[in-house]
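S.K.: What follows is a structure written as structure tokens; I'll ask about it next.
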Amino acid sequence: GIAAADVEVGFIVDGPGGNGYTTDIEADGALAGMNIAFDFVNEGGFTWAGDLLITIVDPNGNGIEFGGYNLSFGYTYAGDFDSSFDTSTSGAYAFNQSLEAFGLNGSGTWTIGFYDGYTGGAETDNWTGILNLEGIAVPAPGALALLGLAGLAGRRRRG
């Protein structure tokens, strides 16, 4: 079966510009949107909060990128943070974006990337937060595995 909850992915991105990473998750569904909340720390660079670049690739190999400034991986452009993110001010930021129109879906490995999307960004900039992917869910453990766990929990010691 499939779990009912959306997928949450924690992330930490440290500068310099262009730095980042991907993480793989096993999930199923059709991506409807994303909610993101992060703390941005700028210790003297020219990087903006909205320079965070997020990439999402579904199990079929279709991908989008959101945010960033001058870094691209060639995926379909899915939008940008609103103008309130066009600041170098450290602080807490949150944003919601519908992504249904891009048709990402499937069952299997989803690859999520987080990057300092300004290649000239300072080494001292960083983002720490949570990305919630709406519409996809992590598969629940199989029924046999659940029965096996229930059997272990139900064992009693005999005297």
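Residue numbering restarts at 1 for every chain of the structure tokens, chains are lettered A, B, ... in their displayed order, and ligands are numbered from 1 as they appear.
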For Asn19 (chain A), find every residue with an atom within 10 Å (counting only C-alpha atoms), except residues of its own chain fewer than 6 positions away, and show them as a PyMOL selection string.
M.R.: chain A and resi 13+114-119+121+123
S.K.: Limited to all heavy atoms, could you put the picked residues into a file as a PDB file, in the first residue's frame?
M.R.:
ATOM      1  N   VAL A  13      22.064  23.374   2.612  1.00  0.00           N
ATOM      2  CA  VAL A  13      22.931  23.751   1.498  1.00  0.00           C
ATOM      3  C   VAL A  13      23.881  24.827   1.995  1.00  0.00           C
ATOM      4  O   VAL A  13      23.442  25.863   2.492  1.00  0.00           O
ATOM      5  CB  VAL A  13      22.129  24.291   0.295  1.00  0.00           C
ATOM      6  CG1 VAL A  13      23.064  24.778  -0.803  1.00  0.00           C
ATOM      7  CG2 VAL A  13      21.178  23.240  -0.241  1.00  0.00           C
ATOM      8  N   PHE A 114      19.190  20.120  -4.182  1.00  0.00           N
ATOM      9  CA  PHE A 114      19.220  21.410  -3.497  1.00  0.00           C
ATOM     10  C   PHE A 114      20.586  22.044  -3.762  1.00  0.00           C
ATOM     11  O   PHE A 114      21.620  21.409  -3.501  1.00  0.00           O
ATOM     12  CB  PHE A 114      19.035  21.222  -1.986  1.00  0.00           C
ATOM     13  CG  PHE A 114      17.764  20.529  -1.617  1.00  0.00           C
ATOM     14  CD1 PHE A 114      17.742  19.156  -1.408  1.00  0.00           C
ATOM     15  CD2 PHE A 114      16.582  21.235  -1.472  1.00  0.00           C
ATOM     16  CE1 PHE A 114      16.563  18.509  -1.061  1.00  0.00           C
ATOM     17  CE2 PHE A 114      15.406  20.599  -1.128  1.00  0.00           C
ATOM     18  CZ  PHE A 114      15.396  19.228  -0.928  1.00  0.00           C
ATOM     19  N   TYR A 115      20.591  23.293  -4.251  1.00  0.00           N
ATOM     20  CA  TYR A 115      21.838  23.934  -4.652  1.00  0.00           C
ATOM     21  C   TYR A 115      21.844  25.421  -4.320  1.00  0.00           C
ATOM     22  O   TYR A 115      20.795  26.070  -4.329  1.00  0.00           O
ATOM     23  CB  TYR A 115      22.046  23.815  -6.172  1.00  0.00           C
ATOM     24  CG  TYR A 115      22.060  22.402  -6.664  1.00  0.00           C
ATOM     25  CD1 TYR A 115      20.877  21.782  -7.057  1.00  0.00           C
ATOM     26  CD2 TYR A 115      23.241  21.674  -6.713  1.00  0.00           C
ATOM     27  CE1 TYR A 115      20.875  20.465  -7.494  1.00  0.00           C
ATOM     28  CE2 TYR A 115      23.247  20.360  -7.152  1.00  0.00           C
ATOM     29  CZ  TYR A 115      22.060  19.765  -7.535  1.00  0.00           C
ATOM     30  OH  TYR A 115      22.062  18.462  -7.957  1.00  0.00           O
ATOM     31  N   ASP A 116      23.045  25.969  -4.126  1.00  0.00           N
ATOM     32  CA  ASP A 116      23.243  27.413  -4.120  1.00  0.00           C
ATOM     33  C   ASP A 116      23.227  27.795  -5.599  1.00  0.00           C
ATOM     34  O   ASP A 116      24.203  27.596  -6.317  1.00  0.00           O
ATOM     35  CB  ASP A 116      24.579  27.769  -3.466  1.00  0.00           C
ATOM     36  CG  ASP A 116      24.845  29.268  -3.430  1.00  0.00           C
ATOM     37  OD1 ASP A 116      24.214  30.020  -4.201  1.00  0.00           O
ATOM     38  OD2 ASP A 116      25.714  29.679  -2.645  1.00  0.00           O
ATOM     39  N   GLY A 117      22.093  28.314  -6.061  1.00  0.00           N
ATOM     40  CA  GLY A 117      21.862  28.550  -7.479  1.00  0.00           C
ATOM     41  C   GLY A 117      22.445  29.829  -8.031  1.00  0.00           C
ATOM     42  O   GLY A 117      22.123  30.226  -9.154  1.00  0.00           O
ATOM     43  N   TYR A 118      23.302  30.495  -7.279  1.00  0.00           N
ATOM     44  CA  TYR A 118      24.042  31.651  -7.778  1.00  0.00           C
ATOM     45  C   TYR A 118      25.510  31.246  -7.792  1.00  0.00           C
ATOM     46  O   TYR A 118      26.131  31.103  -6.735  1.00  0.00           O
ATOM     47  CB  TYR A 118      23.808  32.866  -6.886  1.00  0.00           C
ATOM     48  CG  TYR A 118      24.694  34.053  -7.199  1.00  0.00           C
ATOM     49  CD1 TYR A 118      24.909  34.476  -8.508  1.00  0.00           C
ATOM     50  CD2 TYR A 118      25.310  34.759  -6.180  1.00  0.00           C
ATOM     51  CE1 TYR A 118      25.719  35.568  -8.786  1.00  0.00           C
ATOM     52  CE2 TYR A 118      26.113  35.861  -6.448  1.00  0.00           C
ATOM     53  CZ  TYR A 118      26.317  36.250  -7.753  1.00  0.00           C
ATOM     54  OH  TYR A 118      27.119  37.328  -8.038  1.00  0.00           O
ATOM     55  N   THR A 119      26.072  31.054  -8.987  1.00  0.00           N
ATOM     56  CA  THR A 119      27.433  30.524  -9.089  1.00  0.00           C
ATOM     57  C   THR A 119      28.472  31.436  -8.452  1.00  0.00           C
ATOM     58  O   THR A 119      29.550  30.976  -8.093  1.00  0.00           O
ATOM     59  CB  THR A 119      27.807  30.243 -10.555  1.00  0.00           C
ATOM     60  OG1 THR A 119      27.674  31.451 -11.322  1.00  0.00           O
ATOM     61  CG2 THR A 119      26.919  29.149 -11.144  1.00  0.00           C
ATOM     62  N   GLY A 121      27.976  32.906  -5.578  1.00  0.00           N
ATOM     63  CA  GLY A 121      27.598  32.996  -4.172  1.00  0.00           C
ATOM     64  C   GLY A 121      28.759  32.764  -3.227  1.00  0.00           C
ATOM     65  O   GLY A 121      29.718  32.064  -3.532  1.00  0.00           O
ATOM     66  N   GLU A 123      30.922  31.638   0.151  1.00  0.00           N
ATOM     67  CA  GLU A 123      31.119  30.388   0.878  1.00  0.00           C
ATOM     68  C   GLU A 123      30.379  30.376   2.210  1.00  0.00           C
ATOM     69  O   GLU A 123      30.070  29.322   2.751  1.00  0.00           O
ATOM     70  CB  GLU A 123      32.626  30.181   1.105  1.00  0.00           C
ATOM     71  CG  GLU A 123      32.986  28.779   1.493  1.00  0.00           C
ATOM     72  CD  GLU A 123      34.477  28.543   1.387  1.00  0.00           C
ATOM     73  OE1 GLU A 123      35.064  28.839   0.333  1.00  0.00           O
ATOM     74  OE2 GLU A 123      35.030  28.038   2.372  1.00  0.00           O
TER      75      GLU A 123
END
S.K.: Mind checking which residues fall within 8 Å of Glu65 (chain A), counting only C-alpha atoms, ignoring those fewer than 2 positions away in the same chain, and posting them as a PyMOL selection string?
M.R.: chain A and resi 53-56+63+67+72-73+75-79
S.K.: My list of candidates is A:Phe46, A:Phe102, A:Phe40, A:Trp110. Which is closest to Thr23 (chain A) when distances are computed with only C-alpha atoms?
M.R.: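 Nearest candidate to Thr23 (chain A) out of A:Phe46, A:Phe102, A:Phe40, A:Trp110: A:Trp110.
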S.K.: If you count only C-alpha atoms, which residues fall within 9 Å of Thr89 (chain A), apart from same-chain ones fewer than 2 positions away, as a PDB file with N, CA, C and O atoms, in the first residue's frame?
M.R.:
ATOM      1  N   PHE A  40      17.623  31.138   6.045  1.00  0.00           N
ATOM      2  CA  PHE A  40      18.709  31.566   5.175  1.00  0.00           C
ATOM      3  C   PHE A  40      19.683  32.385   6.009  1.00  0.00           C
ATOM      4  O   PHE A  40      19.273  33.272   6.755  1.00  0.00           O
ATOM      5  N   VAL A  41      20.981  32.063   5.889  1.00  0.00           N
ATOM      6  CA  VAL A  41      22.018  32.802   6.593  1.00  0.00           C
ATOM      7  C   VAL A  41      22.982  33.359   5.559  1.00  0.00           C
ATOM      8  O   VAL A  41      23.560  32.613   4.764  1.00  0.00           O
ATOM      9  N   ASN A  42      23.132  34.665   5.570  1.00  0.00           N
ATOM     10  CA  ASN A  42      24.056  35.350   4.687  1.00  0.00           C
ATOM     11  C   ASN A  42      25.056  36.085   5.560  1.00  0.00           C
ATOM     12  O   ASN A  42      24.689  37.005   6.282  1.00  0.00           O
ATOM     13  N   TRP A  48      21.192  35.884  -2.488  1.00  0.00           N
ATOM     14  CA  TRP A  48      19.842  36.176  -2.014  1.00  0.00           C
ATOM     15  C   TRP A  48      19.186  34.899  -1.506  1.00  0.00           C
ATOM     16  O   TRP A  48      19.536  33.788  -1.923  1.00  0.00           O
ATOM     17  N   ALA A  49      18.190  35.055  -0.670  1.00  0.00           N
ATOM     18  CA  ALA A  49      17.426  33.906  -0.175  1.00  0.00           C
ATOM     19  C   ALA A  49      16.847  33.100  -1.338  1.00  0.00           C
ATOM     20  O   ALA A  49      16.835  31.873  -1.324  1.00  0.00           O
ATOM     21  N   PHE A  85      11.863  37.260  -1.739  1.00  0.00           N
ATOM     22  CA  PHE A  85      13.053  36.426  -1.571  1.00  0.00           C
ATOM     23  C   PHE A  85      14.269  37.053  -2.247  1.00  0.00           C
ATOM     24  O   PHE A  85      15.369  36.514  -2.158  1.00  0.00           O
ATOM     25  N   ASP A  86      14.081  38.179  -2.946  1.00  0.00           N
ATOM     26  CA  ASP A  86      15.168  38.873  -3.636  1.00  0.00           C
ATOM     27  C   ASP A  86      15.882  39.801  -2.664  1.00  0.00           C
ATOM     28  O   ASP A  86      15.916  41.015  -2.822  1.00  0.00           O
ATOM     29  N   THR A  87      16.460  39.202  -1.643  1.00  0.00           N
ATOM     30  CA  THR A  87      17.138  39.956  -0.593  1.00  0.00           C
ATOM     31  C   THR A  87      18.289  39.128  -0.031  1.00  0.00           C
ATOM     32  O   THR A  87      18.218  37.900  -0.004  1.00  0.00           O
ATOM     33  N   GLY A  91      17.242  35.217   7.472  1.00  0.00           N
ATOM     34  CA  GLY A  91      15.958  35.088   8.140  1.00  0.00           C
ATOM     35  C   GLY A  91      15.232  33.827   7.728  1.00  0.00           C
ATOM     36  O   GLY A  91      15.761  32.969   7.026  1.00  0.00           O
TER      37      GLY A  91
END
S.K.: Measuring atom to atom with only C-alpha atoms, identify which of A:Gly44, A:Gly10, A:Gly33, A:Gly135 is nearest to Ser88 (chain A).
M.R.: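 The shortest atom-to-atom distance to Ser88 (chain A) comes from A:Gly44.
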S.K.: Could you pull out all residues of region 3-156 of chain A with a DSSP call of strand (DSSP E or B) and give them as a PyMOL selection string?
M.R.: chain A and resi 7-14+20-41+52-57+63-67+76-77+91-98+105-116+126-137+139
S.K.: Keeping C-alpha atoms, export the residues of the selection given above as a compact mmCIF listing (two decimals), in the first residue's frame.
M.R.:
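For reference, selection_11.txt as written:
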# COMPACT_ATOMS: atom_id res chain seq x y z
CA VAL A 7 6.88 13.41 1.40
CA GLU A 8 9.03 15.73 3.52
CA VAL A 9 12.71 16.18 2.72
CA GLY A 10 15.08 18.04 5.03
CA PHE A 11 18.01 19.87 3.49
CA ILE A 12 21.12 21.89 4.27
CA VAL A 13 22.93 23.75 1.50
CA ASP A 14 26.19 25.54 2.22
CA GLY A 20 24.71 21.36 -3.55
CA TYR A 21 23.61 17.74 -3.67
CA THR A 22 20.82 15.34 -4.59
CA THR A 23 18.94 12.84 -2.48
CA ASP A 24 16.87 9.88 -3.69
CA ILE A 25 13.54 8.84 -2.19
CA GLU A 26 11.30 5.91 -3.04
CA ALA A 27 7.80 7.28 -3.56
CA ASP A 28 4.64 6.98 -5.66
CA GLY A 29 2.10 9.44 -6.98
CA ALA A 30 1.68 12.60 -9.04
CA LEU A 31 3.45 15.75 -7.85
CA ALA A 32 0.80 18.38 -7.09
CA GLY A 33 2.92 21.05 -5.46
CA MET A 34 5.54 21.94 -2.92
CA ASN A 35 5.72 23.81 0.35
CA ILE A 36 9.11 24.97 1.50
CA ALA A 37 10.30 26.59 4.70
CA PHE A 38 13.92 27.45 5.37
CA ASP A 39 16.29 29.60 7.36
CA PHE A 40 18.71 31.57 5.18
CA VAL A 41 22.02 32.80 6.59
CA LEU A 52 18.19 28.41 -3.60
CA LEU A 53 17.72 26.06 -6.59
CA ILE A 54 15.52 22.98 -6.23
CA THR A 55 15.44 20.18 -8.81
CA ILE A 56 12.86 17.39 -8.85
CA VAL A 57 13.16 14.38 -11.19
CA GLY A 63 12.57 16.93 -14.30
CA ILE A 64 11.90 20.49 -13.25
CA GLU A 65 13.95 23.17 -11.55
CA PHE A 66 12.65 25.93 -9.33
CA GLY A 67 14.35 29.08 -8.02
CA THR A 76 12.04 22.48 -17.38
CA TYR A 77 11.86 25.82 -15.59
CA GLY A 91 15.96 35.09 8.14
CA ALA A 92 13.11 32.59 7.90
CA TYR A 93 11.35 32.15 4.54
CA ALA A 94 8.37 30.05 3.40
CA PHE A 95 6.73 29.52 0.01
CA ASN A 96 4.05 27.35 -1.65
CA GLN A 97 3.97 26.47 -5.35
CA SER A 98 1.57 24.40 -7.46
CA ASN A 105 4.54 11.27 -11.60
CA GLY A 106 5.48 7.66 -11.14
CA SER A 107 6.39 4.93 -8.73
CA GLY A 108 10.05 4.41 -7.85
CA THR A 109 13.05 6.64 -7.28
CA TRP A 110 12.47 10.41 -7.18
CA THR A 111 15.64 12.52 -7.14
CA ILE A 112 15.50 15.85 -5.31
CA GLY A 113 18.35 18.36 -5.58
CA PHE A 114 19.22 21.41 -3.50
CA TYR A 115 21.84 23.93 -4.65
CA ASP A 116 23.24 27.41 -4.12
CA ASN A 126 23.54 28.62 3.70
CA TRP A 127 19.95 27.39 3.67
CA THR A 128 18.50 24.90 6.18
CA GLY A 129 14.92 23.72 5.85
CA ILE A 130 12.16 21.33 4.92
CA LEU A 131 10.65 20.70 1.48
CA ASN A 132 7.18 19.10 1.48
CA LEU A 133 6.23 17.42 -1.81
CA GLU A 134 2.44 17.26 -2.16
CA GLY A 135 0.80 14.37 -3.97
CA ILE A 136 3.54 11.77 -3.66
CA ALA A 137 3.91 9.37 -0.77
CA PRO A 139 5.17 3.26 0.12
S.K.: What is the CA of Glu43 (chain A) to CA of Asp80 (chain A) distance in Å?
M.R.: 23.1 Å
S.K.: May I ask which of the residues A:Leu71, A:Leu99, A:Ala122, A:Ala140 is the closest one to Gly15 (chain A), counting only C-alpha atoms?
M.R.: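 The closest residue to Gly15 (chain A) is A:Ala122.
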S.K.: Hey, what does DSSP flag as helix (DSSP H, G or I) within chain A? Can you give it to me as an NGL selection string?
M.R.: :A and (49-51 or 83-85 or 100-102 or 143-153)
S.K.: Keeping only all heavy atoms, take the residues you just selected and write them out as a tab-separated table (two decimals), in the first residue's frame.
M.R.:
chain	number	residue	atom	x	y	z
A	49	ALA	N	18.19	35.06	-0.67
A	49	ALA	CA	17.43	33.91	-0.18
A	49	ALA	C	16.85	33.10	-1.34
A	49	ALA	O	16.84	31.87	-1.32
A	49	ALA	CB	16.31	34.37	0.75
A	50	GLY	N	16.37	33.78	-2.38
A	50	GLY	CA	15.77	33.13	-3.54
A	50	GLY	C	16.75	32.49	-4.50
A	50	GLY	O	16.35	31.95	-5.52
A	51	ASP	N	18.04	32.51	-4.18
A	51	ASP	CA	19.03	31.83	-5.03
A	51	ASP	C	19.05	30.33	-4.80
A	51	ASP	O	19.75	29.60	-5.51
A	51	ASP	CB	20.43	32.41	-4.79
A	51	ASP	CG	20.57	33.82	-5.34
A	51	ASP	OD1	19.76	34.23	-6.19
A	51	ASP	OD2	21.51	34.52	-4.92
A	83	SER	N	9.13	38.04	-5.13
A	83	SER	CA	10.14	39.10	-5.01
A	83	SER	C	10.60	39.34	-3.57
A	83	SER	O	11.68	39.90	-3.36
A	83	SER	CB	9.63	40.40	-5.63
A	83	SER	OG	8.48	40.85	-4.93
A	84	SER	N	9.85	38.89	-2.58
A	84	SER	CA	10.28	39.07	-1.19
A	84	SER	C	11.53	38.23	-0.89
A	84	SER	O	12.21	38.47	0.11
A	84	SER	CB	9.16	38.72	-0.22
A	84	SER	OG	8.86	37.34	-0.26
A	85	PHE	N	11.86	37.26	-1.74
A	85	PHE	CA	13.05	36.43	-1.57
A	85	PHE	C	14.27	37.05	-2.25
A	85	PHE	O	15.37	36.51	-2.16
A	85	PHE	CB	12.81	35.03	-2.16
A	85	PHE	CG	11.90	34.17	-1.33
A	85	PHE	CD1	10.56	34.50	-1.16
A	85	PHE	CD2	12.36	33.00	-0.73
A	85	PHE	CE1	9.71	33.70	-0.41
A	85	PHE	CE2	11.53	32.20	0.02
A	85	PHE	CZ	10.20	32.55	0.19
A	100	GLU	N	1.39	20.89	-10.47
A	100	GLU	CA	0.59	19.92	-11.23
A	100	GLU	C	0.80	20.03	-12.73
A	100	GLU	O	0.82	19.02	-13.44
A	100	GLU	CB	-0.89	20.10	-10.93
A	100	GLU	CG	-1.32	19.51	-9.62
A	100	GLU	CD	-2.80	19.73	-9.36
A	100	GLU	OE1	-3.24	20.90	-9.37
A	100	GLU	OE2	-3.48	18.72	-9.13
A	101	ALA	N	0.94	21.24	-13.23
A	101	ALA	CA	1.02	21.48	-14.67
A	101	ALA	C	2.23	20.80	-15.32
A	101	ALA	O	2.24	20.60	-16.54
A	101	ALA	CB	1.08	22.98	-14.94
A	102	PHE	N	3.22	20.39	-14.53
A	102	PHE	CA	4.44	19.82	-15.10
A	102	PHE	C	4.36	18.31	-15.27
A	102	PHE	O	5.24	17.70	-15.89
A	102	PHE	CB	5.65	20.24	-14.27
A	102	PHE	CG	5.82	21.73	-14.29
A	102	PHE	CD1	5.33	22.50	-13.23
A	102	PHE	CD2	6.38	22.38	-15.37
A	102	PHE	CE1	5.44	23.88	-13.25
A	102	PHE	CE2	6.49	23.76	-15.40
A	102	PHE	CZ	6.01	24.51	-14.35
A	143	ALA	N	1.92	-5.83	3.72
A	143	ALA	CA	1.06	-6.47	4.72
A	143	ALA	C	1.77	-7.62	5.42
A	143	ALA	O	1.63	-7.80	6.62
A	143	ALA	CB	-0.22	-6.96	4.05
A	144	LEU	N	2.59	-8.38	4.68
A	144	LEU	CA	3.30	-9.49	5.30
A	144	LEU	C	4.28	-8.99	6.35
A	144	LEU	O	4.42	-9.59	7.41
A	144	LEU	CB	4.02	-10.33	4.25
A	144	LEU	CG	3.11	-11.14	3.33
A	144	LEU	CD1	3.93	-11.88	2.29
A	144	LEU	CD2	2.28	-12.12	4.14
A	145	ALA	N	4.97	-7.89	6.05
A	145	ALA	CA	5.91	-7.35	7.01
A	145	ALA	C	5.18	-6.89	8.27
A	145	ALA	O	5.65	-7.11	9.38
A	145	ALA	CB	6.68	-6.18	6.40
A	146	LEU	N	4.02	-6.29	8.10
A	146	LEU	CA	3.24	-5.85	9.26
A	146	LEU	C	2.76	-7.03	10.09
A	146	LEU	O	2.79	-7.00	11.31
A	146	LEU	CB	2.06	-4.99	8.81
A	146	LEU	CG	2.41	-3.62	8.26
A	146	LEU	CD1	1.15	-2.93	7.75
A	146	LEU	CD2	3.08	-2.76	9.32
A	147	LEU	N	2.32	-8.09	9.40
A	147	LEU	CA	1.89	-9.28	10.13
A	147	LEU	C	3.04	-9.90	10.89
A	147	LEU	O	2.89	-10.36	12.02
A	147	LEU	CB	1.27	-10.29	9.17
A	147	LEU	CG	-0.10	-9.92	8.61
A	147	LEU	CD1	-0.53	-10.94	7.56
A	147	LEU	CD2	-1.13	-9.83	9.72
A	148	GLY	N	4.21	-9.91	10.28
A	148	GLY	CA	5.40	-10.45	10.94
A	148	GLY	C	5.74	-9.65	12.19
A	148	GLY	O	6.06	-10.22	13.24
A	149	LEU	N	5.67	-8.35	12.12
A	149	LEU	CA	5.94	-7.52	13.29
A	149	LEU	C	4.89	-7.74	14.37
A	149	LEU	O	5.20	-7.79	15.54
A	149	LEU	CB	5.98	-6.04	12.89
A	149	LEU	CG	7.18	-5.61	12.04
A	149	LEU	CD1	6.99	-4.16	11.60
A	149	LEU	CD2	8.47	-5.77	12.81
A	150	ALA	N	3.65	-7.87	13.96
A	150	ALA	CA	2.58	-8.11	14.93
A	150	ALA	C	2.79	-9.45	15.63
A	150	ALA	O	2.56	-9.57	16.83
A	150	ALA	CB	1.21	-8.08	14.24
A	151	GLY	N	3.26	-10.45	14.89
A	151	GLY	CA	3.53	-11.76	15.48
A	151	GLY	C	4.63	-11.69	16.51
A	151	GLY	O	4.55	-12.31	17.57
A	152	LEU	N	5.68	-10.91	16.23
A	152	LEU	CA	6.77	-10.77	17.19
A	152	LEU	C	6.30	-10.04	18.44
A	152	LEU	O	6.66	-10.42	19.56
A	152	LEU	CB	7.94	-10.01	16.56
A	152	LEU	CG	8.75	-10.77	15.51
A	152	LEU	CD1	9.79	-9.84	14.89
A	152	LEU	CD2	9.43	-11.99	16.14
A	153	ALA	N	5.49	-9.02	18.24
A	153	ALA	CA	5.00	-8.24	19.39
A	153	ALA	C	4.07	-9.08	20.25
A	153	ALA	O	3.96	-8.85	21.45
A	153	ALA	CB	4.28	-6.99	18.90
S.K.: For CA of Asp6 (chain A) and CA of Gly103 (chain A), determine how far apart the two atoms are, in Å to one decimal place.
M.R.: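 CA of Asp6 (chain A) sits 16.7 Å away from CA of Gly103 (chain A).
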S.K.: What is the CA of Asn60 (chain A) to CA of Val138 (chain A) distance in Å?
M.R.: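 So the answer is 16.6 Å.
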